[in-house]
file query_5.txt (compact mmCIF, C-alpha atoms)
# COMPACT_ATOMS: atom_id res chain seq x y z
CA MET Z 1 -142.36 243.66 171.04
CA ALA Z 2 -139.92 243.24 168.14
CA LEU Z 3 -140.21 240.28 165.79
CA LEU Z 4 -137.03 238.34 165.05
CA GLN Z 5 -136.26 236.94 161.59
CA ILE Z 6 -134.45 233.64 161.93
CA ALA Z 7 -132.43 231.99 159.13
CA GLU Z 8 -130.04 229.09 158.81
CA PRO Z 9 -126.32 229.93 159.20
CA GLY Z 10 -124.91 231.37 155.98
CA MET Z 11 -128.36 232.07 154.51
CA SER Z 12 -130.12 235.39 154.33
CA THR Z 13 -133.60 235.89 155.69
CA ALA Z 14 -136.36 235.42 153.16
CA PRO Z 15 -139.16 237.97 152.87
CA HIS Z 16 -142.69 236.99 153.79
CA GLU Z 17 -144.07 234.70 151.11
CA HIS Z 18 -147.10 236.14 149.35
CA ARG Z 19 -149.60 233.52 148.16
CA LEU Z 20 -152.32 234.74 145.84
CA ALA Z 21 -155.81 233.24 145.64
CA VAL Z 22 -159.03 234.50 144.10
CA GLY Z 23 -162.74 233.88 144.07
CA ILE Z 24 -164.45 233.35 140.71
CA ASP Z 25 -168.13 233.64 139.89
CA LEU Z 26 -168.42 231.55 136.75
CA GLY Z 27 -171.86 232.71 135.72
CA THR Z 28 -174.31 231.65 133.04
CA THR Z 29 -174.44 235.12 131.49
CA HIS Z 30 -171.61 237.01 133.23
CA SER Z 31 -168.47 236.11 135.16
CA LEU Z 32 -165.98 237.95 137.34
CA VAL Z 33 -162.94 237.41 139.53
CA ALA Z 34 -162.26 238.97 142.93
CA SER Z 35 -159.63 238.92 145.63
CA VAL Z 36 -159.01 240.38 149.07
CA ARG Z 37 -156.79 243.46 148.87
CA SER Z 38 -155.91 245.58 151.89
CA GLY Z 39 -158.41 243.67 153.98
CA SER Z 40 -161.44 244.08 151.72
CA ALA Z 41 -162.87 242.10 148.81
CA GLU Z 42 -162.37 243.75 145.44
CA CYS Z 43 -163.48 242.77 141.94
CA LEU Z 44 -160.52 242.79 139.59
CA PRO Z 45 -160.87 244.79 136.35
CA ASP Z 46 -159.54 244.04 132.88
CA SER Z 47 -157.27 246.38 130.92
CA SER Z 48 -160.30 248.52 130.03
CA GLY Z 49 -161.42 248.86 133.64
CA ARG Z 50 -164.41 246.53 133.30
CA VAL Z 51 -164.94 244.02 136.10
CA ILE Z 52 -167.80 242.02 134.56
CA LEU Z 53 -167.00 239.62 131.74
CA PRO Z 54 -169.95 238.38 129.65
CA SER Z 55 -169.68 234.57 129.55
CA VAL Z 56 -169.51 234.55 125.76
CA VAL Z 57 -166.76 233.11 123.55
CA ARG Z 58 -166.53 233.50 119.79
CA TYR Z 59 -164.39 231.04 117.84
CA GLY Z 60 -162.68 231.43 114.48
CA GLU Z 61 -160.64 229.08 112.33
CA THR Z 62 -157.54 229.61 114.48
CA GLY Z 63 -159.14 229.44 117.91
CA VAL Z 64 -160.71 232.01 120.23
CA LYS Z 65 -161.44 235.09 118.13
CA ASN Z 66 -162.81 237.31 120.87
CA MET Z 67 -164.52 237.08 124.23
CA GLY Z 68 -166.81 239.01 126.52
CA GLU Z 69 -168.33 242.24 125.21
CA ASP Z 70 -166.64 241.89 121.81
CA ALA Z 71 -167.96 238.35 121.36
CA LEU Z 72 -171.44 239.33 122.55
CA ALA Z 73 -171.61 241.99 119.86
CA CYS Z 74 -171.17 239.27 117.22
CA ALA Z 75 -173.91 236.96 118.53
CA ASP Z 76 -176.36 238.02 115.81
CA THR Z 77 -173.92 238.14 112.89
CA ASP Z 78 -172.02 234.93 113.73
CA PRO Z 79 -174.41 232.77 115.79
CA PHE Z 80 -172.82 229.39 114.94
CA ASN Z 81 -169.46 230.37 116.41
CA THR Z 82 -170.58 232.57 119.31
CA VAL Z 83 -171.13 230.36 122.35
CA PHE Z 84 -173.04 231.66 125.38
CA SER Z 85 -174.87 230.14 128.37
CA VAL Z 86 -172.47 227.20 128.16
CA LYS Z 87 -172.79 226.70 131.91
CA ARG Z 88 -176.19 225.11 131.29
CA LEU Z 89 -174.52 222.44 129.16
CA MET Z 90 -171.90 221.46 131.73
CA GLY Z 91 -172.11 217.75 132.53
CA ARG Z 92 -175.27 217.34 130.47
CA GLY Z 93 -176.10 214.78 127.79
CA PHE Z 94 -177.92 215.47 124.55
CA LYS Z 95 -181.30 214.39 125.92
CA ASP Z 96 -180.93 216.91 128.74
CA VAL Z 97 -180.52 219.86 126.38
CA GLU Z 98 -182.28 218.89 123.14
CA GLY Z 99 -185.32 220.98 124.05
CA LEU Z 100 -183.28 224.17 124.44
CA ASN Z 101 -183.45 226.78 121.70
CA LEU Z 102 -179.74 227.31 120.99
CA PRO Z 103 -178.47 229.32 117.99
CA TYR Z 104 -175.21 227.39 117.81
CA ARG Z 105 -174.87 223.74 116.81
CA VAL Z 106 -174.91 221.13 119.57
CA LYS Z 107 -174.34 217.45 118.83
CA ASP Z 108 -174.57 214.18 120.72
CA SER Z 109 -171.19 212.70 121.58
CA GLY Z 110 -172.40 209.79 123.66
CA GLY Z 111 -171.61 211.60 126.91
CA MET Z 112 -171.51 215.33 127.47
CA VAL Z 113 -172.78 217.32 124.50
CA GLU Z 114 -170.33 219.02 122.13
CA ILE Z 115 -170.50 222.28 120.20
CA GLU Z 116 -169.53 222.54 116.54
CA THR Z 117 -167.60 225.70 115.55
CA ASP Z 118 -165.30 226.81 112.74
CA TYR Z 119 -162.40 225.92 115.04
CA GLY Z 120 -163.75 222.39 115.40
CA THR Z 121 -165.69 220.57 118.07
CA LYS Z 122 -165.60 222.16 121.51
CA SER Z 123 -166.93 220.70 124.73
CA PRO Z 124 -168.70 222.85 127.34
CA VAL Z 125 -165.71 222.16 129.59
CA GLU Z 126 -163.32 223.63 127.02
CA VAL Z 127 -165.47 226.72 126.49
CA SER Z 128 -165.70 227.27 130.24
CA ALA Z 129 -161.92 226.79 130.46
CA ASP Z 130 -161.42 229.63 127.94
CA ILE Z 131 -163.51 231.92 130.16
CA LEU Z 132 -161.66 230.86 133.30
CA ARG Z 133 -158.29 231.28 131.56
CA ASN Z 134 -159.21 234.86 130.71
CA LEU Z 135 -160.12 235.55 134.34
CA ARG Z 136 -156.93 233.89 135.58
CA LYS Z 137 -154.75 236.04 133.33
CA ARG Z 138 -156.64 239.14 134.42
CA ALA Z 139 -156.11 238.30 138.09
CA GLU Z 140 -152.41 237.52 137.70
CA ALA Z 141 -151.84 240.75 135.78
CA THR Z 142 -153.67 242.81 138.41
CA LEU Z 143 -152.22 241.09 141.47
CA GLY Z 144 -148.74 240.81 140.01
CA GLY Z 145 -148.08 237.14 140.59
CA GLU Z 146 -149.07 233.56 139.91
CA LEU Z 147 -152.24 232.25 141.54
CA VAL Z 148 -152.03 229.33 143.94
CA GLY Z 149 -155.73 228.57 143.65
CA ALA Z 150 -159.30 229.73 143.28
CA VAL Z 151 -162.67 229.27 144.94
CA ILE Z 152 -165.36 228.90 142.28
CA THR Z 153 -169.10 229.26 142.75
CA VAL Z 154 -171.56 226.70 141.39
CA PRO Z 155 -175.37 226.51 141.57
CA ALA Z 156 -176.71 224.55 144.52
CA TYR Z 157 -178.61 222.26 142.13
CA PHE Z 158 -175.43 221.17 140.29
CA ASP Z 159 -174.99 217.40 140.52
CA ASP Z 160 -171.70 215.51 140.73
CA ALA Z 161 -171.20 215.45 136.95
CA GLN Z 162 -171.69 219.22 136.65
CA ARG Z 163 -169.37 219.93 139.57
CA GLN Z 164 -166.69 217.65 138.16
CA ALA Z 165 -167.03 219.36 134.77
CA THR Z 166 -166.41 222.70 136.50
CA LYS Z 167 -163.27 221.32 138.15
CA ASP Z 168 -162.06 219.93 134.81
CA ALA Z 169 -162.56 223.33 133.18
CA ALA Z 170 -160.54 225.01 135.91
CA GLN Z 171 -157.74 222.48 135.48
CA LEU Z 172 -157.64 223.13 131.73
CA ALA Z 173 -157.42 226.85 132.49
CA GLY Z 174 -154.41 226.31 134.76
CA LEU Z 175 -156.32 226.91 137.99
CA ASN Z 176 -156.04 224.92 141.18
CA VAL Z 177 -159.54 224.60 142.64
CA LEU Z 178 -159.36 225.23 146.37
CA ARG Z 179 -163.08 224.72 146.77
CA LEU Z 180 -166.40 224.74 144.94
CA ILE Z 181 -168.96 226.73 146.91
CA ASN Z 182 -172.71 226.87 146.33
CA GLU Z 183 -173.91 230.25 145.09
CA PRO Z 184 -176.48 230.78 147.91
CA THR Z 185 -173.78 229.96 150.45
CA ALA Z 186 -171.36 232.39 148.81
CA ALA Z 187 -174.01 235.12 148.94
CA ALA Z 188 -174.68 234.40 152.61
CA VAL Z 189 -170.99 234.50 153.50
CA ALA Z 190 -170.60 237.78 151.62
CA TYR Z 191 -173.26 239.31 153.86
CA GLY Z 192 -171.65 237.88 156.99
CA LEU Z 193 -174.36 235.37 157.80
CA ASP Z 194 -171.71 232.78 158.67
CA GLN Z 195 -170.83 234.83 161.76
CA LYS Z 196 -172.41 234.22 165.14
CA ARG Z 197 -175.65 236.07 165.71
CA LYS Z 198 -176.87 237.63 168.92
CA GLY Z 199 -180.42 237.71 170.14
CA ASN Z 200 -183.00 235.84 172.16
CA LEU Z 201 -185.44 234.91 169.40
CA TRP Z 202 -186.79 231.39 169.87
CA CYS Z 203 -186.50 230.74 166.16
CA SER Z 204 -184.26 232.40 163.58
CA ILE Z 205 -184.01 231.34 159.95
CA TRP Z 206 -181.74 232.81 157.29
CA VAL Z 207 -182.46 231.66 153.75
CA ALA Z 208 -180.19 232.55 150.85
CA ALA Z 209 -181.84 232.49 147.44
CA HIS Z 210 -180.27 232.73 144.02
CA LEU Z 211 -183.03 233.61 141.56
CA MET Z 212 -182.65 233.26 137.83
CA TYR Z 213 -185.52 232.02 135.69
CA PRO Z 214 -186.26 229.17 135.36
CA PHE Z 215 -184.16 228.06 138.32
CA CYS Z 216 -184.25 228.94 141.99
CA ASP Z 217 -181.58 227.97 144.51
CA CYS Z 218 -182.64 228.16 148.11
CA LYS Z 219 -180.59 227.09 151.08
CA VAL Z 220 -181.03 227.44 154.83
CA VAL Z 221 -177.71 228.92 155.89
CA TYR Z 222 -178.46 229.84 159.49
CA LEU Z 223 -180.74 228.01 161.87
CA ARG Z 224 -181.45 228.67 165.52
CA CYS Z 225 -184.64 227.08 166.70
CA TRP Z 226 -185.99 225.33 169.77
CA PRO Z 227 -187.49 222.87 169.61
CA ARG Z 228 -185.93 221.89 166.30
CA VAL Z 229 -189.13 220.21 165.13
CA ALA Z 230 -190.70 223.69 164.85
CA ILE Z 231 -188.49 224.41 161.83
CA LEU Z 232 -189.87 221.55 159.72
CA PRO Z 233 -192.93 223.43 158.35
CA TRP Z 234 -190.69 226.33 157.25
CA VAL Z 235 -188.21 224.04 155.50
CA ALA Z 236 -191.12 222.26 153.81
CA MET Z 237 -192.52 225.59 152.56
CA ILE Z 238 -189.14 226.56 151.10
CA SER Z 239 -188.80 223.20 149.35
CA ILE Z 240 -192.33 223.39 147.91
CA ALA Z 241 -191.73 226.95 146.63
CA GLN Z 242 -188.53 225.90 144.93
CA TRP Z 243 -190.27 222.90 143.35
CA LEU Z 244 -193.14 225.04 142.04
CA ILE Z 245 -190.70 227.45 140.41
CA THR Z 246 -189.03 224.59 138.53
CA LEU Z 247 -192.42 223.71 137.02
CA LEU Z 248 -192.55 227.02 135.14
CA PRO Z 249 -192.27 226.65 131.35
CA ARG Z 250 -188.65 226.55 130.24
CA THR Z 251 -188.70 228.23 126.86
CA GLY Z 252 -185.28 229.31 125.67
CA PHE Z 253 -182.77 231.24 127.76
CA ARG Z 254 -183.53 234.25 129.88
CA ASN Z 255 -181.07 236.42 131.76

call {"tool": "encode", "arguments": {"input": "query_5.txt", "output": "structure tokens"}}
result
Amino acid sequence: MALLQIAEPGMSTAPHEHRLAVGIDLGTTHSLVASVRSGSAECLPDSSGRVILPSVVRYGETGVKNMGEDALACADTDPFNTVFSVKRLMGRGFKDVEGLNLPYRVKDSGGMVEIETDYGTKSPVEVSADILRNLRKRAEATLGGELVGAVITVPAYFDDAQRQATKDAAQLAGLNVLRLINEPTAAAVAYGLDQKRKGNLWCSIWVAAHLMYPFCDCKVVYLRCWPRVAILPWVAMISIAQWLITLLPRTGFRN
């Protein structure tokens, strides 16, 4: 069957409109951007062919001096201006982070904490926006067009303030947030666990876990059980395990 292209009288037919969207993993230590190309998901590289961007920004007197691998290399020589692990400061007040061993200077601003650099005071939202802006430019250069939006991953334990801070960072970076998706859910979808499953098991449980000391995100992403009350002990065990992990000593940052 042939497809007909229809246009108003006197107007030529317009080609199929291409709308570009990406998925972004805004990580604590590393970030990346991906898109679906030719039917398969593909991580988008930078000009050097690297797909992973260390979530590190180094500031100078005129603004962002370098980012990623180049900024990470300066963490020891310029610790006050090299900002990393900023994701853990998103939406957090000074009392929430005063026990963390940070090499750069963090001050109380009455709301979300702020970071003092040679460029001036930067909020965690602004630092995250610089990382997202870098990923947006990379994606637009690779895909050859302007992005209409992005899906961004966030930890399952992020509260409303942290999620809103992520949205604000994306807006500053010129990104339209299509959706925030929990990291365990994103991992489950990537493995196809959102698809229907076949089988006659009386009880099936799929749990997605995102492990990174000292945090643990666990989420039940697939549940098929009869009677449903039989699932309660399993859910309780998952919750208790997650709670016990959060009791581990939180000394500094670990990858």

call {"tool": "closest_residue", "arguments": {"input": "query_5.txt", "among": "Z:Leu175, Z:Val83, Z:Leu26, Z:Ala141", "to": "Z:Thr117", "atoms": "all atoms listed in the file"}}
result
Z:Val83

call {"tool": "atom_distance", "arguments": {"input": "query_5.txt", "atom1": "atom CA of Z:Ile131", "atom2": "atom CA of Z:Lys95"}}
result
25.3 Å

call {"tool": "closest_residue", "arguments": {"input": "query_5.txt", "among": "Z:Pro124, Z:Gly174, Z:Pro54, Z:Gly60", "to": "Z:Leu32", "atoms": "all atoms listed in the file"}}
result
Z:Pro54

call {"tool": "residues_around", "arguments": {"input": "query_5.txt", "residues": "Z:Asp25", "least_positions_apart": "2", "cutoff": "9 Å", "atoms": "only C-alpha atoms", "output": "ChimeraX atom specification"}}
result
/Z:23,27,30-34,151-154,183

call {"tool": "residues_around", "arguments": {"input": "query_5.txt", "residues": "Z:Gln162", "least_positions_apart": "3", "cutoff": "10 Å", "atoms": "all atoms listed in the file", "output": "MDAnalysis selection string"}}
result
chainID Z and resid 87:92 112 125 154:155 157:159 165:168

call {"tool": "closest_residue", "arguments": {"input": "query_5.txt", "among": "Z:Glu126, Z:Ala139, Z:Glu42, Z:Ile52", "to": "Z:Gln171", "atoms": "all atoms listed in the file"}}
result
Z:Glu126

call {"tool": "closest_residue", "arguments": {"input": "query_5.txt", "among": "Z:Ser35, Z:Ser47, Z:Asn101, Z:Asn81", "to": "Z:Gly149", "atoms": "only C-alpha atoms"}}
result
Z:Ser35

call {"tool": "atom_distance", "arguments": {"input": "query_5.txt", "atom1": "atom CA of Z:Lys107", "atom2": "atom CA of Z:Phe94"}}
result
7.0 Å

call {"tool": "atom_distance", "arguments": {"input": "query_5.txt", "atom1": "atom CA of Z:Ala71", "atom2": "atom CA of Z:Val56"}}
result
6.0 Å

call {"tool": "residues_around", "arguments": {"input": "query_5.txt", "residues": "Z:Glu61", "least_positions_apart": "6", "cutoff": "12 Å", "atoms": "all atoms listed in the file", "output": "ChimeraX atom specification"}}
result
/Z:81,116-121

call {"tool": "closest_residue", "arguments": {"input": "query_5.txt", "among": "Z:Leu180, Z:Val113, Z:Val22, Z:Met67", "to": "Z:Leu53", "atoms": "only C-alpha atoms"}}
result
Z:Met67

call {"tool": "closest_residue", "arguments": {"input": "query_5.txt", "among": "Z:Ser48, Z:Asn182, Z:Ser85, Z:Ser123", "to": "Z:Pro103", "atoms": "only C-alpha atoms"}}
result
Z:Ser85

call {"tool": "build_atoms", "arguments": {"input": "query_5.txt", "residues": "stretch 55-90 of chain Z", "atoms": "N, CA and C atoms", "output": "PDB file, in the frame of the given file"}}
result
ATOM      1  N   SER Z  55    -170.132 235.949 129.740  1.00  0.00           N
ATOM      2  CA  SER Z  55    -169.680 234.570 129.550  1.00  0.00           C
ATOM      3  C   SER Z  55    -169.955 234.125 128.112  1.00  0.00           C
ATOM      4  N   VAL Z  56    -169.303 234.793 127.185  1.00  0.00           N
ATOM      5  CA  VAL Z  56    -169.510 234.550 125.760  1.00  0.00           C
ATOM      6  C   VAL Z  56    -168.148 234.402 125.086  1.00  0.00           C
ATOM      7  N   VAL Z  57    -168.007 233.355 124.281  1.00  0.00           N
ATOM      8  CA  VAL Z  57    -166.760 233.110 123.550  1.00  0.00           C
ATOM      9  C   VAL Z  57    -167.085 232.933 122.078  1.00  0.00           C
ATOM     10  N   ARG Z  58    -166.353 233.635 121.229  1.00  0.00           N
ATOM     11  CA  ARG Z  58    -166.530 233.500 119.790  1.00  0.00           C
ATOM     12  C   ARG Z  58    -165.283 232.849 119.203  1.00  0.00           C
ATOM     13  N   TYR Z  59    -165.500 231.798 118.411  1.00  0.00           N
ATOM     14  CA  TYR Z  59    -164.390 231.040 117.840  1.00  0.00           C
ATOM     15  C   TYR Z  59    -164.242 231.331 116.350  1.00  0.00           C
ATOM     16  N   GLY Z  60    -162.995 231.303 115.902  1.00  0.00           N
ATOM     17  CA  GLY Z  60    -162.680 231.430 114.480  1.00  0.00           C
ATOM     18  C   GLY Z  60    -161.892 230.202 114.046  1.00  0.00           C
ATOM     19  N   GLU Z  61    -161.358 230.245 112.861  1.00  0.00           N
ATOM     20  CA  GLU Z  61    -160.640 229.080 112.330  1.00  0.00           C
ATOM     21  C   GLU Z  61    -159.351 228.788 113.091  1.00  0.00           C
ATOM     22  N   THR Z  62    -158.806 229.799 113.770  1.00  0.00           N
ATOM     23  CA  THR Z  62    -157.540 229.610 114.480  1.00  0.00           C
ATOM     24  C   THR Z  62    -157.700 229.503 115.986  1.00  0.00           C
ATOM     25  N   GLY Z  63    -158.921 229.553 116.475  1.00  0.00           N
ATOM     26  CA  GLY Z  63    -159.140 229.440 117.910  1.00  0.00           C
ATOM     27  C   GLY Z  63    -160.088 230.515 118.415  1.00  0.00           C
ATOM     28  N   VAL Z  64    -159.853 230.971 119.648  1.00  0.00           N
ATOM     29  CA  VAL Z  64    -160.710 232.010 120.230  1.00  0.00           C
ATOM     30  C   VAL Z  64    -160.480 233.320 119.486  1.00  0.00           C
ATOM     31  N   LYS Z  65    -161.544 233.853 118.903  1.00  0.00           N
ATOM     32  CA  LYS Z  65    -161.440 235.090 118.130  1.00  0.00           C
ATOM     33  C   LYS Z  65    -161.620 236.301 119.040  1.00  0.00           C
ATOM     34  N   ASN Z  66    -162.634 236.282 119.858  1.00  0.00           N
ATOM     35  CA  ASN Z  66    -162.810 237.310 120.870  1.00  0.00           C
ATOM     36  C   ASN Z  66    -163.719 236.774 121.970  1.00  0.00           C
ATOM     37  N   MET Z  67    -163.822 237.547 123.038  1.00  0.00           N
ATOM     38  CA  MET Z  67    -164.520 237.080 124.230  1.00  0.00           C
ATOM     39  C   MET Z  67    -165.160 238.265 124.931  1.00  0.00           C
ATOM     40  N   GLY Z  68    -166.165 237.963 125.727  1.00  0.00           N
ATOM     41  CA  GLY Z  68    -166.810 239.010 126.520  1.00  0.00           C
ATOM     42  C   GLY Z  68    -167.665 239.936 125.680  1.00  0.00           C
ATOM     43  N   GLU Z  69    -167.517 241.233 125.908  1.00  0.00           N
ATOM     44  CA  GLU Z  69    -168.330 242.240 125.210  1.00  0.00           C
ATOM     45  C   GLU Z  69    -168.149 242.162 123.699  1.00  0.00           C
ATOM     46  N   ASP Z  70    -166.912 241.949 123.251  1.00  0.00           N
ATOM     47  CA  ASP Z  70    -166.640 241.890 121.810  1.00  0.00           C
ATOM     48  C   ASP Z  70    -167.325 240.679 121.175  1.00  0.00           C
ATOM     49  N   ALA Z  71    -167.308 239.550 121.883  1.00  0.00           N
ATOM     50  CA  ALA Z  71    -167.960 238.350 121.360  1.00  0.00           C
ATOM     51  C   ALA Z  71    -169.480 238.512 121.377  1.00  0.00           C
ATOM     52  N   LEU Z  72    -169.993 239.129 122.434  1.00  0.00           N
ATOM     53  CA  LEU Z  72    -171.440 239.330 122.550  1.00  0.00           C
ATOM     54  C   LEU Z  72    -171.977 240.182 121.413  1.00  0.00           C
ATOM     55  N   ALA Z  73    -171.184 241.124 120.949  1.00  0.00           N
ATOM     56  CA  ALA Z  73    -171.610 241.990 119.860  1.00  0.00           C
ATOM     57  C   ALA Z  73    -171.748 241.243 118.541  1.00  0.00           C
ATOM     58  N   CYS Z  74    -171.133 240.062 118.464  1.00  0.00           N
ATOM     59  CA  CYS Z  74    -171.170 239.270 117.220  1.00  0.00           C
ATOM     60  C   CYS Z  74    -172.177 238.128 117.289  1.00  0.00           C
ATOM     61  N   ALA Z  75    -172.976 238.077 118.352  1.00  0.00           N
ATOM     62  CA  ALA Z  75    -173.910 236.960 118.530  1.00  0.00           C
ATOM     63  C   ALA Z  75    -174.933 236.880 117.406  1.00  0.00           C
ATOM     64  N   ASP Z  76    -175.349 238.022 116.873  1.00  0.00           N
ATOM     65  CA  ASP Z  76    -176.360 238.020 115.810  1.00  0.00           C
ATOM     66  C   ASP Z  76    -175.746 237.770 114.433  1.00  0.00           C
ATOM     67  N   THR Z  77    -174.545 238.264 114.206  1.00  0.00           N
ATOM     68  CA  THR Z  77    -173.920 238.140 112.890  1.00  0.00           C
ATOM     69  C   THR Z  77    -173.178 236.812 112.710  1.00  0.00           C
ATOM     70  N   ASP Z  78    -172.748 236.196 113.814  1.00  0.00           N
ATOM     71  CA  ASP Z  78    -172.020 234.930 113.730  1.00  0.00           C
ATOM     72  C   ASP Z  78    -172.530 233.971 114.810  1.00  0.00           C
ATOM     73  N   PRO Z  79    -173.801 233.553 114.709  1.00  0.00           N
ATOM     74  CA  PRO Z  79    -174.410 232.770 115.790  1.00  0.00           C
ATOM     75  C   PRO Z  79    -173.818 231.367 115.942  1.00  0.00           C
ATOM     76  N   PHE Z  80    -173.344 230.756 114.850  1.00  0.00           N
ATOM     77  CA  PHE Z  80    -172.820 229.390 114.940  1.00  0.00           C
ATOM     78  C   PHE Z  80    -171.510 229.307 115.711  1.00  0.00           C
ATOM     79  N   ASN Z  81    -170.766 230.390 115.756  1.00  0.00           N
ATOM     80  CA  ASN Z  81    -169.460 230.370 116.410  1.00  0.00           C
ATOM     81  C   ASN Z  81    -169.411 231.162 117.710  1.00  0.00           C
ATOM     82  N   THR Z  82    -170.519 231.793 118.075  1.00  0.00           N
ATOM     83  CA  THR Z  82    -170.580 232.570 119.310  1.00  0.00           C
ATOM     84  C   THR Z  82    -171.326 231.760 120.360  1.00  0.00           C
ATOM     85  N   VAL Z  83    -170.588 231.283 121.352  1.00  0.00           N
ATOM     86  CA  VAL Z  83    -171.130 230.360 122.350  1.00  0.00           C
ATOM     87  C   VAL Z  83    -171.418 231.124 123.640  1.00  0.00           C
ATOM     88  N   PHE Z  84    -172.647 231.027 124.125  1.00  0.00           N
ATOM     89  CA  PHE Z  84    -173.040 231.660 125.380  1.00  0.00           C
ATOM     90  C   PHE Z  84    -173.863 230.667 126.194  1.00  0.00           C
ATOM     91  N   SER Z  85    -174.092 231.002 127.455  1.00  0.00           N
ATOM     92  CA  SER Z  85    -174.870 230.140 128.370  1.00  0.00           C
ATOM     93  C   SER Z  85    -174.349 228.707 128.399  1.00  0.00           C
ATOM     94  N   VAL Z  86    -173.043 228.546 128.211  1.00  0.00           N
ATOM     95  CA  VAL Z  86    -172.470 227.200 128.160  1.00  0.00           C
ATOM     96  C   VAL Z  86    -172.538 226.519 129.518  1.00  0.00           C
ATOM     97  N   LYS Z  87    -172.704 227.285 130.563  1.00  0.00           N
ATOM     98  CA  LYS Z  87    -172.790 226.700 131.910  1.00  0.00           C
ATOM     99  C   LYS Z  87    -173.953 225.724 132.010  1.00  0.00           C
ATOM    100  N   ARG Z  88    -175.018 225.979 131.239  1.00  0.00           N
ATOM    101  CA  ARG Z  88    -176.190 225.110 131.290  1.00  0.00           C
ATOM    102  C   ARG Z  88    -175.973 223.797 130.545  1.00  0.00           C
ATOM    103  N   LEU Z  89    -174.845 223.681 129.856  1.00  0.00           N
ATOM    104  CA  LEU Z  89    -174.520 222.440 129.160  1.00  0.00           C
ATOM    105  C   LEU Z  89    -173.495 221.603 129.920  1.00  0.00           C
ATOM    106  N   MET Z  90    -172.954 222.143 130.990  1.00  0.00           N
ATOM    107  CA  MET Z  90    -171.900 221.460 131.730  1.00  0.00           C
ATOM    108  C   MET Z  90    -172.414 220.142 132.326  1.00  0.00           C
TER     109      MET Z  90
END
